[in-house]
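A.B. asks: Contents of data.cif (mmCIF, N, CA and C atoms):
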data_query
#
loop_
_atom_site.label_atom_id
_atom_site.label_comp_id
_atom_site.auth_asym_id
_atom_site.auth_seq_id
_atom_site.Cartn_x
_atom_site.Cartn_y
_atom_site.Cartn_z
N MET A 12 -15.79 5.20 -48.81
CA MET A 12 -16.91 5.42 -47.90
C MET A 12 -16.64 6.67 -47.08
N THR A 13 -17.60 7.55 -47.02
CA THR A 13 -17.44 8.77 -46.24
C THR A 13 -17.87 8.53 -44.81
N THR A 14 -17.28 9.30 -43.92
CA THR A 14 -17.71 9.21 -42.52
C THR A 14 -18.92 10.10 -42.33
N SER A 15 -19.65 9.87 -41.27
CA SER A 15 -20.87 10.65 -41.07
C SER A 15 -20.57 12.14 -40.93
N SER A 16 -19.42 12.52 -40.38
CA SER A 16 -19.10 13.93 -40.23
C SER A 16 -18.74 14.57 -41.57
N ALA A 17 -18.36 13.77 -42.56
CA ALA A 17 -17.97 14.30 -43.86
C ALA A 17 -19.06 14.13 -44.91
N ARG A 18 -20.20 13.59 -44.51
CA ARG A 18 -21.26 13.35 -45.49
C ARG A 18 -21.79 14.65 -46.06
N ARG A 19 -22.12 14.59 -47.31
CA ARG A 19 -22.72 15.72 -48.01
C ARG A 19 -24.21 15.78 -47.67
N THR A 20 -24.78 16.94 -47.83
CA THR A 20 -26.20 17.13 -47.53
C THR A 20 -26.93 17.56 -48.80
N VAL A 21 -28.11 16.98 -49.02
CA VAL A 21 -28.98 17.40 -50.11
C VAL A 21 -30.27 17.93 -49.49
N LEU A 22 -30.75 19.03 -50.04
CA LEU A 22 -32.04 19.59 -49.65
C LEU A 22 -33.04 19.24 -50.75
N LEU A 23 -34.10 18.52 -50.37
CA LEU A 23 -35.15 18.14 -51.30
C LEU A 23 -36.37 19.02 -51.07
N ALA A 24 -36.79 19.72 -52.12
CA ALA A 24 -37.99 20.56 -52.04
C ALA A 24 -39.00 19.99 -53.04
N GLU A 25 -39.96 19.26 -52.51
CA GLU A 25 -40.97 18.57 -53.33
C GLU A 25 -42.26 18.54 -52.53
N ASP A 26 -43.35 19.05 -53.12
CA ASP A 26 -44.59 19.14 -52.36
C ASP A 26 -45.40 17.85 -52.33
N HIS A 27 -45.11 16.90 -53.19
CA HIS A 27 -45.81 15.61 -53.13
C HIS A 27 -45.04 14.68 -52.20
N ALA A 28 -45.68 14.34 -51.09
CA ALA A 28 -44.99 13.58 -50.02
C ALA A 28 -44.43 12.24 -50.52
N ASP A 29 -45.18 11.51 -51.33
CA ASP A 29 -44.69 10.22 -51.82
C ASP A 29 -43.45 10.38 -52.68
N THR A 30 -43.45 11.38 -53.54
CA THR A 30 -42.30 11.64 -54.40
C THR A 30 -41.11 12.07 -53.56
N ARG A 31 -41.35 12.93 -52.58
CA ARG A 31 -40.28 13.40 -51.70
C ARG A 31 -39.66 12.23 -50.93
N MET A 32 -40.50 11.34 -50.42
CA MET A 32 -39.99 10.16 -49.70
C MET A 32 -39.16 9.27 -50.61
N PHE A 33 -39.60 9.09 -51.85
CA PHE A 33 -38.85 8.29 -52.81
C PHE A 33 -37.46 8.89 -53.04
N TYR A 34 -37.40 10.19 -53.31
CA TYR A 34 -36.11 10.84 -53.54
C TYR A 34 -35.24 10.81 -52.29
N ALA A 35 -35.85 10.99 -51.14
CA ALA A 35 -35.07 10.96 -49.89
C ALA A 35 -34.40 9.61 -49.72
N GLU A 36 -35.15 8.54 -49.94
CA GLU A 36 -34.56 7.19 -49.84
C GLU A 36 -33.46 6.99 -50.86
N LEU A 37 -33.66 7.50 -52.05
CA LEU A 37 -32.67 7.39 -53.12
C LEU A 37 -31.35 8.04 -52.72
N PHE A 38 -31.42 9.20 -52.11
CA PHE A 38 -30.21 9.96 -51.76
C PHE A 38 -29.56 9.52 -50.45
N ARG A 39 -30.31 8.85 -49.58
CA ARG A 39 -29.78 8.52 -48.25
C ARG A 39 -28.53 7.65 -48.26
N SER A 40 -28.28 6.92 -49.33
CA SER A 40 -27.08 6.07 -49.36
C SER A 40 -25.80 6.90 -49.44
N SER A 41 -25.88 8.12 -49.97
CA SER A 41 -24.66 8.92 -50.10
C SER A 41 -24.78 10.36 -49.60
N PHE A 42 -25.94 10.75 -49.12
CA PHE A 42 -26.15 12.12 -48.64
C PHE A 42 -26.95 12.10 -47.34
N ASP A 43 -26.73 13.09 -46.50
CA ASP A 43 -27.69 13.40 -45.45
C ASP A 43 -28.80 14.18 -46.14
N VAL A 44 -30.03 13.96 -45.75
CA VAL A 44 -31.17 14.52 -46.48
C VAL A 44 -31.97 15.46 -45.59
N ILE A 45 -32.26 16.64 -46.13
CA ILE A 45 -33.18 17.61 -45.52
C ILE A 45 -34.37 17.67 -46.47
N GLU A 46 -35.59 17.61 -45.93
CA GLU A 46 -36.78 17.59 -46.77
C GLU A 46 -37.73 18.72 -46.40
N THR A 47 -38.41 19.24 -47.43
CA THR A 47 -39.49 20.18 -47.23
C THR A 47 -40.45 20.09 -48.40
N GLY A 48 -41.68 20.45 -48.15
CA GLY A 48 -42.69 20.47 -49.19
C GLY A 48 -43.03 21.86 -49.67
N ARG A 49 -42.29 22.86 -49.17
CA ARG A 49 -42.59 24.26 -49.50
C ARG A 49 -41.35 25.00 -50.00
N GLY A 50 -41.54 25.83 -50.99
CA GLY A 50 -40.43 26.61 -51.53
C GLY A 50 -39.88 27.63 -50.56
N ASP A 51 -40.76 28.32 -49.82
CA ASP A 51 -40.30 29.31 -48.87
C ASP A 51 -39.49 28.67 -47.74
N GLN A 52 -39.90 27.48 -47.30
CA GLN A 52 -39.13 26.77 -46.28
C GLN A 52 -37.79 26.29 -46.84
N ALA A 53 -37.78 25.91 -48.11
CA ALA A 53 -36.52 25.49 -48.75
C ALA A 53 -35.52 26.63 -48.76
N LEU A 54 -36.00 27.84 -48.99
CA LEU A 54 -35.12 29.01 -48.99
C LEU A 54 -34.49 29.22 -47.61
N VAL A 55 -35.30 29.14 -46.58
CA VAL A 55 -34.80 29.29 -45.21
C VAL A 55 -33.80 28.19 -44.88
N LEU A 56 -34.16 26.94 -45.20
CA LEU A 56 -33.27 25.81 -44.91
C LEU A 56 -31.96 25.90 -45.68
N ALA A 57 -32.01 26.32 -46.92
CA ALA A 57 -30.79 26.45 -47.72
C ALA A 57 -29.86 27.50 -47.12
N ARG A 58 -30.43 28.59 -46.67
CA ARG A 58 -29.60 29.65 -46.07
C ARG A 58 -29.04 29.23 -44.72
N GLU A 59 -29.80 28.48 -43.95
CA GLU A 59 -29.35 28.04 -42.62
C GLU A 59 -28.35 26.89 -42.70
N ARG A 60 -28.63 25.92 -43.56
CA ARG A 60 -27.87 24.66 -43.56
C ARG A 60 -26.79 24.58 -44.63
N ARG A 61 -26.88 25.38 -45.68
CA ARG A 61 -25.91 25.39 -46.78
C ARG A 61 -25.64 23.98 -47.32
N PRO A 62 -26.64 23.33 -47.88
CA PRO A 62 -26.45 21.97 -48.39
C PRO A 62 -25.47 21.93 -49.56
N ALA A 63 -24.95 20.76 -49.84
CA ALA A 63 -24.06 20.58 -50.98
C ALA A 63 -24.83 20.60 -52.30
N LEU A 64 -26.15 20.33 -52.22
CA LEU A 64 -26.99 20.22 -53.41
C LEU A 64 -28.43 20.49 -53.03
N ILE A 65 -29.17 21.10 -53.97
CA ILE A 65 -30.61 21.28 -53.81
C ILE A 65 -31.29 20.61 -54.99
N VAL A 66 -32.30 19.81 -54.70
CA VAL A 66 -33.14 19.20 -55.73
C VAL A 66 -34.55 19.73 -55.48
N THR A 67 -35.08 20.44 -56.47
CA THR A 67 -36.37 21.09 -56.28
C THR A 67 -37.33 20.82 -57.43
N ASP A 68 -38.59 20.77 -57.08
CA ASP A 68 -39.66 20.75 -58.07
C ASP A 68 -39.88 22.21 -58.49
N LEU A 69 -40.48 22.42 -59.64
CA LEU A 69 -40.81 23.79 -60.04
C LEU A 69 -42.03 24.31 -59.33
N SER A 70 -43.06 23.49 -59.22
CA SER A 70 -44.33 23.91 -58.62
C SER A 70 -44.33 23.58 -57.14
N LEU A 71 -44.14 24.61 -56.34
CA LEU A 71 -44.13 24.46 -54.89
C LEU A 71 -45.01 25.53 -54.26
N PRO A 72 -45.64 25.22 -53.14
CA PRO A 72 -46.33 26.27 -52.41
C PRO A 72 -45.32 27.20 -51.75
N GLY A 73 -45.74 28.41 -51.49
CA GLY A 73 -44.85 29.40 -50.86
C GLY A 73 -44.15 30.22 -51.93
N ILE A 74 -43.11 29.67 -52.51
CA ILE A 74 -42.46 30.24 -53.68
C ILE A 74 -42.14 29.08 -54.63
N THR A 75 -42.03 29.38 -55.91
CA THR A 75 -41.75 28.32 -56.88
C THR A 75 -40.27 27.94 -56.86
N GLY A 76 -39.96 26.85 -57.52
CA GLY A 76 -38.57 26.43 -57.66
C GLY A 76 -37.73 27.48 -58.38
N ILE A 77 -38.33 28.17 -59.34
CA ILE A 77 -37.61 29.22 -60.06
C ILE A 77 -37.34 30.40 -59.13
N GLU A 78 -38.32 30.80 -58.34
CA GLU A 78 -38.11 31.89 -57.37
C GLU A 78 -37.06 31.49 -56.34
N LEU A 79 -37.09 30.25 -55.90
CA LEU A 79 -36.10 29.74 -54.97
C LEU A 79 -34.70 29.86 -55.56
N ALA A 80 -34.54 29.40 -56.79
CA ALA A 80 -33.23 29.46 -57.44
C ALA A 80 -32.74 30.89 -57.61
N LYS A 81 -33.62 31.78 -58.05
CA LYS A 81 -33.22 33.19 -58.23
C LYS A 81 -32.75 33.79 -56.91
N ALA A 82 -33.47 33.51 -55.83
CA ALA A 82 -33.09 34.05 -54.52
C ALA A 82 -31.74 33.51 -54.08
N LEU A 83 -31.51 32.22 -54.25
CA LEU A 83 -30.25 31.61 -53.81
C LEU A 83 -29.08 32.00 -54.70
N LYS A 84 -29.29 32.03 -56.00
CA LYS A 84 -28.20 32.38 -56.93
C LYS A 84 -27.87 33.87 -56.85
N GLY A 85 -28.81 34.68 -56.35
CA GLY A 85 -28.57 36.11 -56.19
C GLY A 85 -27.92 36.48 -54.88
N ASP A 86 -27.66 35.51 -54.02
CA ASP A 86 -27.06 35.73 -52.70
C ASP A 86 -25.67 35.11 -52.71
N ALA A 87 -24.65 35.91 -52.48
CA ALA A 87 -23.26 35.41 -52.53
C ALA A 87 -23.03 34.23 -51.60
N ALA A 88 -23.75 34.17 -50.49
CA ALA A 88 -23.56 33.08 -49.52
C ALA A 88 -24.08 31.74 -50.03
N THR A 89 -25.04 31.76 -50.96
CA THR A 89 -25.64 30.51 -51.43
C THR A 89 -25.53 30.33 -52.95
N ALA A 90 -24.93 31.28 -53.63
CA ALA A 90 -24.87 31.24 -55.10
C ALA A 90 -24.16 30.00 -55.64
N GLY A 91 -23.23 29.45 -54.89
CA GLY A 91 -22.47 28.31 -55.36
C GLY A 91 -23.12 26.96 -55.15
N ILE A 92 -24.27 26.93 -54.50
CA ILE A 92 -24.95 25.65 -54.27
C ILE A 92 -25.59 25.20 -55.58
N PRO A 93 -25.21 24.02 -56.10
CA PRO A 93 -25.83 23.54 -57.33
C PRO A 93 -27.30 23.18 -57.10
N ILE A 94 -28.11 23.44 -58.12
CA ILE A 94 -29.55 23.18 -58.03
C ILE A 94 -29.97 22.33 -59.22
N ILE A 95 -30.65 21.24 -58.91
CA ILE A 95 -31.29 20.41 -59.93
C ILE A 95 -32.79 20.63 -59.83
N CYS A 96 -33.40 20.91 -60.96
CA CYS A 96 -34.85 21.10 -61.03
C CYS A 96 -35.47 19.86 -61.64
N LEU A 97 -36.49 19.35 -61.00
CA LEU A 97 -37.29 18.24 -61.54
C LEU A 97 -38.65 18.80 -61.90
N SER A 98 -39.06 18.56 -63.14
CA SER A 98 -40.33 19.12 -63.56
C SER A 98 -41.03 18.23 -64.56
N GLY A 99 -42.32 18.26 -64.53
CA GLY A 99 -43.12 17.57 -65.53
C GLY A 99 -43.28 18.41 -66.78
N TYR A 100 -42.80 19.64 -66.76
CA TYR A 100 -42.94 20.54 -67.89
C TYR A 100 -41.64 20.57 -68.68
N ALA A 101 -41.73 20.32 -69.98
CA ALA A 101 -40.55 20.31 -70.83
C ALA A 101 -40.68 21.30 -71.98
N ASP A 102 -41.61 22.23 -71.88
CA ASP A 102 -41.83 23.17 -72.96
C ASP A 102 -40.72 24.23 -73.00
N PRO A 103 -40.53 24.89 -74.14
CA PRO A 103 -39.45 25.88 -74.28
C PRO A 103 -39.53 27.05 -73.29
N GLU A 104 -40.74 27.52 -72.98
CA GLU A 104 -40.88 28.63 -72.03
C GLU A 104 -40.38 28.24 -70.65
N THR A 105 -40.71 27.03 -70.20
CA THR A 105 -40.25 26.56 -68.91
C THR A 105 -38.73 26.41 -68.92
N SER A 106 -38.19 25.83 -69.97
CA SER A 106 -36.74 25.65 -70.08
C SER A 106 -36.01 26.99 -70.04
N GLU A 107 -36.55 27.99 -70.71
CA GLU A 107 -35.93 29.32 -70.70
C GLU A 107 -35.98 29.93 -69.30
N ALA A 108 -37.11 29.79 -68.62
CA ALA A 108 -37.24 30.33 -67.26
C ALA A 108 -36.28 29.63 -66.31
N VAL A 109 -36.13 28.32 -66.46
CA VAL A 109 -35.20 27.55 -65.62
C VAL A 109 -33.77 28.03 -65.85
N THR A 110 -33.38 28.18 -67.10
CA THR A 110 -32.03 28.65 -67.43
C THR A 110 -31.79 30.05 -66.88
N ALA A 111 -32.76 30.95 -67.04
CA ALA A 111 -32.62 32.33 -66.57
C ALA A 111 -32.52 32.41 -65.04
N SER A 112 -33.09 31.43 -64.34
CA SER A 112 -33.09 31.45 -62.88
C SER A 112 -31.75 31.06 -62.28
N GLY A 113 -30.89 30.43 -63.07
CA GLY A 113 -29.61 29.97 -62.56
C GLY A 113 -29.58 28.51 -62.16
N ILE A 114 -30.69 27.81 -62.35
CA ILE A 114 -30.73 26.38 -62.05
C ILE A 114 -29.68 25.68 -62.90
N ASP A 115 -28.93 24.78 -62.28
CA ASP A 115 -27.81 24.13 -62.95
C ASP A 115 -28.23 23.03 -63.92
N ARG A 116 -29.24 22.26 -63.55
CA ARG A 116 -29.71 21.17 -64.41
C ARG A 116 -31.22 21.06 -64.28
N MET A 117 -31.86 20.74 -65.41
CA MET A 117 -33.30 20.47 -65.40
C MET A 117 -33.50 19.05 -65.90
N LEU A 118 -34.21 18.26 -65.13
CA LEU A 118 -34.55 16.89 -65.49
C LEU A 118 -36.07 16.78 -65.56
N VAL A 119 -36.55 16.15 -66.60
CA VAL A 119 -37.99 16.02 -66.79
C VAL A 119 -38.48 14.77 -66.07
N LYS A 120 -39.55 14.96 -65.28
CA LYS A 120 -40.19 13.84 -64.59
C LYS A 120 -41.04 13.06 -65.57
N PRO A 121 -41.11 11.77 -65.45
CA PRO A 121 -40.31 10.97 -64.52
C PRO A 121 -38.91 10.77 -65.08
N CYS A 122 -37.92 10.87 -64.21
CA CYS A 122 -36.56 10.61 -64.65
C CYS A 122 -36.06 9.36 -63.93
N ALA A 123 -35.16 8.67 -64.58
CA ALA A 123 -34.63 7.44 -63.99
C ALA A 123 -33.82 7.80 -62.74
N PRO A 124 -34.00 7.07 -61.65
CA PRO A 124 -33.26 7.37 -60.42
C PRO A 124 -31.75 7.43 -60.63
N GLU A 125 -31.21 6.53 -61.44
CA GLU A 125 -29.76 6.54 -61.68
C GLU A 125 -29.32 7.80 -62.41
N ASP A 126 -30.20 8.37 -63.26
CA ASP A 126 -29.86 9.63 -63.93
C ASP A 126 -29.80 10.78 -62.93
N LEU A 127 -30.76 10.81 -62.02
CA LEU A 127 -30.76 11.86 -61.00
C LEU A 127 -29.50 11.77 -60.14
N LEU A 128 -29.14 10.58 -59.71
CA LEU A 128 -27.93 10.42 -58.90
C LEU A 128 -26.67 10.77 -59.69
N LYS A 129 -26.64 10.44 -60.95
CA LYS A 129 -25.48 10.77 -61.80
C LYS A 129 -25.30 12.29 -61.88
N HIS A 130 -26.38 13.00 -62.14
CA HIS A 130 -26.31 14.46 -62.21
C HIS A 130 -25.92 15.05 -60.86
N ALA A 131 -26.46 14.51 -59.79
CA ALA A 131 -26.12 14.99 -58.44
C ALA A 131 -24.63 14.82 -58.18
N ASP A 132 -24.10 13.64 -58.47
CA ASP A 132 -22.67 13.39 -58.24
C ASP A 132 -21.79 14.29 -59.10
N GLU A 133 -22.21 14.52 -60.35
CA GLU A 133 -21.45 15.41 -61.24
C GLU A 133 -21.41 16.83 -60.67
N LEU A 134 -22.53 17.33 -60.25
CA LEU A 134 -22.60 18.71 -59.75
C LEU A 134 -21.86 18.87 -58.43
N VAL A 135 -22.05 17.95 -57.52
CA VAL A 135 -21.39 18.05 -56.21
C VAL A 135 -19.91 17.80 -56.36
N GLY A 136 -19.54 16.83 -57.20
CA GLY A 136 -18.12 16.57 -57.44
C GLY A 136 -17.41 17.76 -58.05
N ALA A 137 -18.09 18.45 -58.97
CA ALA A 137 -17.50 19.63 -59.61
C ALA A 137 -17.30 20.74 -58.58
N ARG A 138 -18.24 20.84 -57.64
CA ARG A 138 -18.16 21.88 -56.61
C ARG A 138 -17.03 21.56 -55.62
N GLU A 139 -16.89 20.27 -55.27
CA GLU A 139 -15.88 19.88 -54.29
C GLU A 139 -14.49 19.80 -54.92
N GLY A 140 -14.45 19.55 -56.23
CA GLY A 140 -13.17 19.37 -56.91
C GLY A 140 -12.59 20.63 -57.29
#
Would you mind writing the file out in structure tokens?
C.D. replies:
Amino acid sequence: MTTSSARRTVLLAEDHADTRMFYAELFRSSFDVIETGRGDQALVLARERRPALIVTDLSLPGITGIELAKALKGDAATAGIPIICLSGYADPETSEAVTASGIDRMLVKPCAPEDLLKHADELVGAREG
């Protein structure tokens, strides 16, 4: 069990409030959660708070999840933050754009909650280990 001062933080960028609330509840057992519905706000929050993990949708107002990832992966201060992309799009063009952006993992919606947590733990554990 981690203490509150040692808890990891996840930044959730999802524009659908119900989906964002679901993911926030899912992560609260093992992460402190920062939430936003906008890509541009996610970029600001990521730079200010330096979360252990970012979970983003591709389609966001402000900037897209791909633009968010490119900006963060292109900045030495945030390049090491793992990013999981959740998307309803599984076509080859989207997959190529996700890979080119530097996103660490892409999961197709709907994904099983336990799969999302497994990927999160793998990415954060690899970063901390």
A.B. asks: I want to know what sits within 8 Å of stretch 62-67 of chain A, based on all atoms listed in the file, with residues of the same chain fewer than 6 positions away left out; could you give that as a PyMOL selection string?
C.D. replies: chain A and resi 18-26+56+75-77+91-98+131+134-135
A.B. asks: State, in Å with one decimal place, the distance from atom C of A:Ala82 to atom C of A:Ser41.
C.D. replies: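 Atom-to-atom, atom C of A:Ala82 to atom C of A:Ser41, that is 24.6 Å.
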A.B. asks: Go ahead and compute the interatomic distance for atom N of A:His27 and atom C of A:Ala90, in Å to one decimal.
C.D. replies: 24.8 Å
A.B. asks: Residue by residue, what does the PyMOL selection byres ((chain A and resi 110-125) around 7) grab here? Present the result as a PDB file with N, CA and C atoms, in the coordinates of the input.
C.D. replies:
ATOM      1  N   ILE A  77     -38.330  28.170 -59.340  1.00  0.00           N
ATOM      2  CA  ILE A  77     -37.610  29.220 -60.060  1.00  0.00           C
ATOM      3  C   ILE A  77     -37.340  30.400 -59.130  1.00  0.00           C
ATOM      4  N   GLU A  78     -38.320  30.800 -58.340  1.00  0.00           N
ATOM      5  CA  GLU A  78     -38.110  31.890 -57.370  1.00  0.00           C
ATOM      6  C   GLU A  78     -37.060  31.490 -56.340  1.00  0.00           C
ATOM      7  N   ALA A  80     -34.540  29.400 -56.790  1.00  0.00           N
ATOM      8  CA  ALA A  80     -33.230  29.460 -57.440  1.00  0.00           C
ATOM      9  C   ALA A  80     -32.740  30.890 -57.610  1.00  0.00           C
ATOM     10  N   LYS A  81     -33.620  31.780 -58.050  1.00  0.00           N
ATOM     11  CA  LYS A  81     -33.220  33.190 -58.230  1.00  0.00           C
ATOM     12  C   LYS A  81     -32.750  33.790 -56.910  1.00  0.00           C
ATOM     13  N   LYS A  84     -29.290  32.030 -56.000  1.00  0.00           N
ATOM     14  CA  LYS A  84     -28.200  32.380 -56.930  1.00  0.00           C
ATOM     15  C   LYS A  84     -27.870  33.870 -56.850  1.00  0.00           C
ATOM     16  N   PRO A  93     -25.210  24.020 -56.100  1.00  0.00           N
ATOM     17  CA  PRO A  93     -25.830  23.540 -57.330  1.00  0.00           C
ATOM     18  C   PRO A  93     -27.300  23.180 -57.100  1.00  0.00           C
ATOM     19  N   ILE A  94     -28.110  23.440 -58.120  1.00  0.00           N
ATOM     20  CA  ILE A  94     -29.550  23.180 -58.030  1.00  0.00           C
ATOM     21  C   ILE A  94     -29.970  22.330 -59.220  1.00  0.00           C
ATOM     22  N   ILE A  95     -30.650  21.240 -58.910  1.00  0.00           N
ATOM     23  CA  ILE A  95     -31.290  20.410 -59.930  1.00  0.00           C
ATOM     24  C   ILE A  95     -32.790  20.630 -59.830  1.00  0.00           C
ATOM     25  N   CYS A  96     -33.400  20.910 -60.960  1.00  0.00           N
ATOM     26  CA  CYS A  96     -34.850  21.100 -61.030  1.00  0.00           C
ATOM     27  C   CYS A  96     -35.470  19.860 -61.640  1.00  0.00           C
ATOM     28  N   LEU A  97     -36.490  19.350 -61.000  1.00  0.00           N
ATOM     29  CA  LEU A  97     -37.290  18.240 -61.540  1.00  0.00           C
ATOM     30  C   LEU A  97     -38.650  18.800 -61.900  1.00  0.00           C
ATOM     31  N   SER A  98     -39.060  18.560 -63.140  1.00  0.00           N
ATOM     32  CA  SER A  98     -40.330  19.120 -63.560  1.00  0.00           C
ATOM     33  C   SER A  98     -41.030  18.230 -64.560  1.00  0.00           C
ATOM     34  N   GLY A  99     -42.320  18.260 -64.530  1.00  0.00           N
ATOM     35  CA  GLY A  99     -43.120  17.570 -65.530  1.00  0.00           C
ATOM     36  C   GLY A  99     -43.280  18.410 -66.780  1.00  0.00           C
ATOM     37  N   TYR A 100     -42.800  19.640 -66.760  1.00  0.00           N
ATOM     38  CA  TYR A 100     -42.940  20.540 -67.890  1.00  0.00           C
ATOM     39  C   TYR A 100     -41.640  20.570 -68.680  1.00  0.00           C
ATOM     40  N   ALA A 101     -41.730  20.320 -69.980  1.00  0.00           N
ATOM     41  CA  ALA A 101     -40.550  20.310 -70.830  1.00  0.00           C
ATOM     42  C   ALA A 101     -40.680  21.300 -71.980  1.00  0.00           C
ATOM     43  N   THR A 105     -40.710  27.030 -70.200  1.00  0.00           N
ATOM     44  CA  THR A 105     -40.250  26.560 -68.910  1.00  0.00           C
ATOM     45  C   THR A 105     -38.730  26.410 -68.920  1.00  0.00           C
ATOM     46  N   SER A 106     -38.190  25.830 -69.970  1.00  0.00           N
ATOM     47  CA  SER A 106     -36.740  25.650 -70.080  1.00  0.00           C
ATOM     48  C   SER A 106     -36.010  26.990 -70.040  1.00  0.00           C
ATOM     49  N   GLU A 107     -36.550  27.990 -70.710  1.00  0.00           N
ATOM     50  CA  GLU A 107     -35.930  29.320 -70.700  1.00  0.00           C
ATOM     51  C   GLU A 107     -35.980  29.930 -69.300  1.00  0.00           C
ATOM     52  N   ALA A 108     -37.110  29.790 -68.620  1.00  0.00           N
ATOM     53  CA  ALA A 108     -37.240  30.330 -67.260  1.00  0.00           C
ATOM     54  C   ALA A 108     -36.280  29.630 -66.310  1.00  0.00           C
ATOM     55  N   VAL A 109     -36.130  28.320 -66.460  1.00  0.00           N
ATOM     56  CA  VAL A 109     -35.200  27.550 -65.620  1.00  0.00           C
ATOM     57  C   VAL A 109     -33.770  28.030 -65.850  1.00  0.00           C
ATOM     58  N   ASP A 126     -30.200   8.370 -63.260  1.00  0.00           N
ATOM     59  CA  ASP A 126     -29.860   9.630 -63.930  1.00  0.00           C
ATOM     60  C   ASP A 126     -29.800  10.780 -62.930  1.00  0.00           C
ATOM     61  N   LEU A 127     -30.760  10.810 -62.020  1.00  0.00           N
ATOM     62  CA  LEU A 127     -30.760  11.860 -61.000  1.00  0.00           C
ATOM     63  C   LEU A 127     -29.500  11.770 -60.140  1.00  0.00           C
ATOM     64  N   LEU A 128     -29.140  10.580 -59.710  1.00  0.00           N
ATOM     65  CA  LEU A 128     -27.930  10.420 -58.900  1.00  0.00           C
ATOM     66  C   LEU A 128     -26.670  10.770 -59.690  1.00  0.00           C
ATOM     67  N   LYS A 129     -26.640  10.440 -60.950  1.00  0.00           N
ATOM     68  CA  LYS A 129     -25.480  10.770 -61.800  1.00  0.00           C
ATOM     69  C   LYS A 129     -25.300  12.290 -61.880  1.00  0.00           C
ATOM     70  N   HIS A 130     -26.380  13.000 -62.140  1.00  0.00           N
ATOM     71  CA  HIS A 130     -26.310  14.460 -62.210  1.00  0.00           C
ATOM     72  C   HIS A 130     -25.920  15.050 -60.860  1.00  0.00           C
TER      73      HIS A 130
END
A.B. asks: Can you measure atom C of A:Gly136 to atom N of A:Ala87 for me? One decimal in Å is fine.
C.D. replies: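 Interatomic distance here is 20.3 Å.
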A.B. asks: Write out as a list in words all residues of chain A that backbone DSSP assigns to strand (DSSP E).
C.D. replies: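 Those in chain A that DSSP calls strand (DSSP E) are Arg19, Thr20, Val21, Leu22, Leu23, Ala24, Phe42, Asp43, Val44, Ile45, Glu46, Thr47, Leu64, Ile65, Val66, Thr67, Asp68, Ile94, Ile95, Cys96, Leu97, Ser98, Arg116, Met117, Leu118 and Val119 of chain A.
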A.B. asks: I need the chosen residues saved as a short mmCIF file (atom, residue, chain, number, x, y, z; two decimals), in the coordinates of the input, with N, CA and C atoms.
C.D. replies:
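In the end it all went to result21.cif:
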data_model
loop_
_atom_site.label_atom_id
_atom_site.label_comp_id
_atom_site.auth_asym_id
_atom_site.auth_seq_id
_atom_site.Cartn_x
_atom_site.Cartn_y
_atom_site.Cartn_z
N ARG A 19 -22.12 14.59 -47.31
CA ARG A 19 -22.72 15.72 -48.01
C ARG A 19 -24.21 15.78 -47.67
N THR A 20 -24.78 16.94 -47.83
CA THR A 20 -26.20 17.13 -47.53
C THR A 20 -26.93 17.56 -48.80
N VAL A 21 -28.11 16.98 -49.02
CA VAL A 21 -28.98 17.40 -50.11
C VAL A 21 -30.27 17.93 -49.49
N LEU A 22 -30.75 19.03 -50.04
CA LEU A 22 -32.04 19.59 -49.65
C LEU A 22 -33.04 19.24 -50.75
N LEU A 23 -34.10 18.52 -50.37
CA LEU A 23 -35.15 18.14 -51.30
C LEU A 23 -36.37 19.02 -51.07
N ALA A 24 -36.79 19.72 -52.12
CA ALA A 24 -37.99 20.56 -52.04
C ALA A 24 -39.00 19.99 -53.04
N PHE A 42 -25.94 10.75 -49.12
CA PHE A 42 -26.15 12.12 -48.64
C PHE A 42 -26.95 12.10 -47.34
N ASP A 43 -26.73 13.09 -46.50
CA ASP A 43 -27.69 13.40 -45.45
C ASP A 43 -28.80 14.18 -46.14
N VAL A 44 -30.03 13.96 -45.75
CA VAL A 44 -31.17 14.52 -46.48
C VAL A 44 -31.97 15.46 -45.59
N ILE A 45 -32.26 16.64 -46.13
CA ILE A 45 -33.18 17.61 -45.52
C ILE A 45 -34.37 17.67 -46.47
N GLU A 46 -35.59 17.61 -45.93
CA GLU A 46 -36.78 17.59 -46.77
C GLU A 46 -37.73 18.72 -46.40
N THR A 47 -38.41 19.24 -47.43
CA THR A 47 -39.49 20.18 -47.23
C THR A 47 -40.45 20.09 -48.40
N LEU A 64 -26.15 20.33 -52.22
CA LEU A 64 -26.99 20.22 -53.41
C LEU A 64 -28.43 20.49 -53.03
N ILE A 65 -29.17 21.10 -53.97
CA ILE A 65 -30.61 21.28 -53.81
C ILE A 65 -31.29 20.61 -54.99
N VAL A 66 -32.30 19.81 -54.70
CA VAL A 66 -33.14 19.20 -55.73
C VAL A 66 -34.55 19.73 -55.48
N THR A 67 -35.08 20.44 -56.47
CA THR A 67 -36.37 21.09 -56.28
C THR A 67 -37.33 20.82 -57.43
N ASP A 68 -38.59 20.77 -57.08
CA ASP A 68 -39.66 20.75 -58.07
C ASP A 68 -39.88 22.21 -58.49
N ILE A 94 -28.11 23.44 -58.12
CA ILE A 94 -29.55 23.18 -58.03
C ILE A 94 -29.97 22.33 -59.22
N ILE A 95 -30.65 21.24 -58.91
CA ILE A 95 -31.29 20.41 -59.93
C ILE A 95 -32.79 20.63 -59.83
N CYS A 96 -33.40 20.91 -60.96
CA CYS A 96 -34.85 21.10 -61.03
C CYS A 96 -35.47 19.86 -61.64
N LEU A 97 -36.49 19.35 -61.00
CA LEU A 97 -37.29 18.24 -61.54
C LEU A 97 -38.65 18.80 -61.90
N SER A 98 -39.06 18.56 -63.14
CA SER A 98 -40.33 19.12 -63.56
C SER A 98 -41.03 18.23 -64.56
N ARG A 116 -29.24 22.26 -63.55
CA ARG A 116 -29.71 21.17 -64.41
C ARG A 116 -31.22 21.06 -64.28
N MET A 117 -31.86 20.74 -65.41
CA MET A 117 -33.30 20.47 -65.40
C MET A 117 -33.50 19.05 -65.90
N LEU A 118 -34.21 18.26 -65.13
CA LEU A 118 -34.55 16.89 -65.49
C LEU A 118 -36.07 16.78 -65.56
N VAL A 119 -36.55 16.15 -66.60
CA VAL A 119 -37.99 16.02 -66.79
C VAL A 119 -38.48 14.77 -66.07
#
